[in-house]
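Here's the structure, in C-alpha cells; my notes come after.
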Amino acid sequence: MTRRVTTLFVYGTLQDDARVRRIVGRRLAWRPAELRGYYRTLDPTIGYPVVRRRAGARVRGRLLLEVTARTLAALDAYEGAAYRRVRARIRLSDGTAVETRLYVPVRSPRRPGARITRRRPGRSARAPRRSG
C-alpha cells in the first residue's frame, strides 16, 4: 500500500518546530518558501495570523514536506473552524514553483468583527486554534 503524502505552506504559529512536533507527534522536514500575491496580518477577531490577497505582496514561510493524511488531520484539528485549507502556488528559495495547500481564514457570515465560534463535530470547547 502506498502512503499518500502532500505538502503544506505555513506562515504563522506552525513555523515553530516544537509546536508542530506536539501536534503531530514528529518533526516535519521543511524548506523556506514564499507566497506571492498575499500579505500576512493579525486578524483581531481570532487573534492569530492570516493571509489576505494583495497584488505585489509576499509572505515568507515554510513548506512542510511529507505531510501524511494523519498529519493533515491533526493540523486541521489544531487550526479549528477559523481556518480552511486551499490550494496555492508558492516559490521555494531556489525559485521553483510548487503547488501546495495553505490555511486561510474562514469568512464569518456574521457582522464584521464577530468571533468565529463554529466547531467541527467531536471537538471539545478548548481554546481557539492558531493559524498556519
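To be explicit about the labels: the chains of the C-alpha cells are called A, B, and onward in the order shown, and within each one the residues are counted from 1, while ligands get numbers from 1 in the order they are shown.
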
Requested in this report: Taking the DSSP assignment computed from this structure's backbone, write out as a ChimeraX atom specification all residues of region 10-131 of chain A that belong to strand (DSSP E).
Outcome: /A:10,30-43,48-68,83-92,97-105

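Excluding Leu63 (chain A) itself and same-chain residues fewer than 3 positions from it, the residues having an atom within 7 Å of it are Thr7, Leu8, Phe9, Val10, Trp30, Arg31, Pro32 and Ala33 of chain A, counting only C-alpha atoms.
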
Same residues, C-alpha atoms, output as an mmCIF file, in the first residue's frame:
data_model
loop_
_atom_site.group_PDB
_atom_site.id
_atom_site.type_symbol
_atom_site.label_atom_id
_atom_site.label_comp_id
_atom_site.auth_asym_id
_atom_site.auth_seq_id
_atom_site.Cartn_x
_atom_site.Cartn_y
_atom_site.Cartn_z
ATOM 1 C CA THR A 7 2.987 19.479 1.337
ATOM 2 C CA LEU A 8 1.629 22.432 3.286
ATOM 3 C CA PHE A 9 2.719 26.080 3.300
ATOM 4 C CA VAL A 10 2.671 27.609 6.787
ATOM 5 C CA TRP A 30 10.585 21.819 5.661
ATOM 6 C CA ARG A 31 12.034 24.274 3.172
ATOM 7 C CA PRO A 32 11.918 28.083 3.148
ATOM 8 C CA ALA A 33 9.193 29.313 0.810
#

Query raised in the report: If you count only C-alpha atoms, which residues fall within 7 Å of region 17-27 of chain A, apart from same-chain ones fewer than 6 positions away, as a VMD selection string?
Result: chain A and resid 71 74 to 75

Convert the current residue selection to file output with N, CA and C atoms, as a compact mmCIF listing (two decimals), in the first residue's frame.
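Ended up saving to part.txt:
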# COMPACT_ATOMS: atom_id res chain seq x y z
N THR A 71 -1.21 13.34 9.57
CA THR A 71 -0.62 14.62 9.97
C THR A 71 -1.54 15.77 9.61
N ALA A 74 -4.42 16.05 12.01
CA ALA A 74 -4.02 16.67 13.28
C ALA A 74 -3.87 18.18 13.13
N LEU A 75 -3.29 18.62 12.02
CA LEU A 75 -3.14 20.06 11.79
C LEU A 75 -4.49 20.73 11.57

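Using only C-alpha atoms, the nearest neighbour of Pro105 (chain A) within the list A:Leu35, A:Leu92, A:Leu72, A:Ile46 is A:Ile46.
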
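Rounded to one decimal, CA of Arg107 (chain A) and CA of Thr68 (chain A) lie 26.9 Å from each other.
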
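The spacing separating CA of Tyr38 (chain A) from CA of Leu64 (chain A) amounts to 18.7 Å.
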
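The smallest atom-to-atom distance between Glu66 (chain A) and any of A:Arg40, A:Arg84, A:Arg101, A:Arg4, using only C-alpha atoms, is found for A:Arg4.
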
Query raised in the report: For the atom pair CA of Thr13 (chain A) and CA of Arg62 (chain A), what is the interatomic distance in Å to one decimal place?
Result: 10.9 Å

Query raised in the report: Could you pull the residues within 10 Å of Arg58 (chain A), counting only C-alpha atoms, minus those fewer than 3 positions along the same chain, as a ChimeraX atom specification?
Result: /A:34-40,51,53-55,61,90

I need the residues from that last selection saved to file as a PDB file, in the first residue's frame (with C-alpha atoms), if you can.
ATOM      1  CA  GLU A  34       7.298  32.409  -0.229  1.00  0.00           C
ATOM      2  CA  LEU A  35       3.644  33.035  -1.077  1.00  0.00           C
ATOM      3  CA  ARG A  36       3.230  35.816  -3.627  1.00  0.00           C
ATOM      4  CA  GLY A  37       0.162  37.999  -4.023  1.00  0.00           C
ATOM      5  CA  TYR A  38      -0.708  37.872  -0.303  1.00  0.00           C
ATOM      6  CA  TYR A  39       0.280  39.715   2.852  1.00  0.00           C
ATOM      7  CA  ARG A  40       0.271  38.465   6.436  1.00  0.00           C
ATOM      8  CA  VAL A  51      -3.071  35.943   4.883  1.00  0.00           C
ATOM      9  CA  ARG A  53      -4.700  38.903  -1.089  1.00  0.00           C
ATOM     10  CA  ARG A  54      -2.786  41.965  -2.265  1.00  0.00           C
ATOM     11  CA  ALA A  55      -1.033  42.379  -5.593  1.00  0.00           C
ATOM     12  CA  GLY A  61       7.038  30.937   5.473  1.00  0.00           C
ATOM     13  CA  ILE A  90       4.326  29.081  -3.731  1.00  0.00           C
TER      14      ILE A  90
END

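Proximity of A:Tyr83, A:Tyr48, A:Tyr78, A:Tyr11 to Tyr103 (chain A), computed with only C-alpha atoms, is greatest for A:Tyr83.
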
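Minimum atom-to-atom distance to Ala82 (chain A), evaluated using only C-alpha atoms, belongs to A:Val50 out of A:Val59, A:Val5, A:Val50, A:Leu28.
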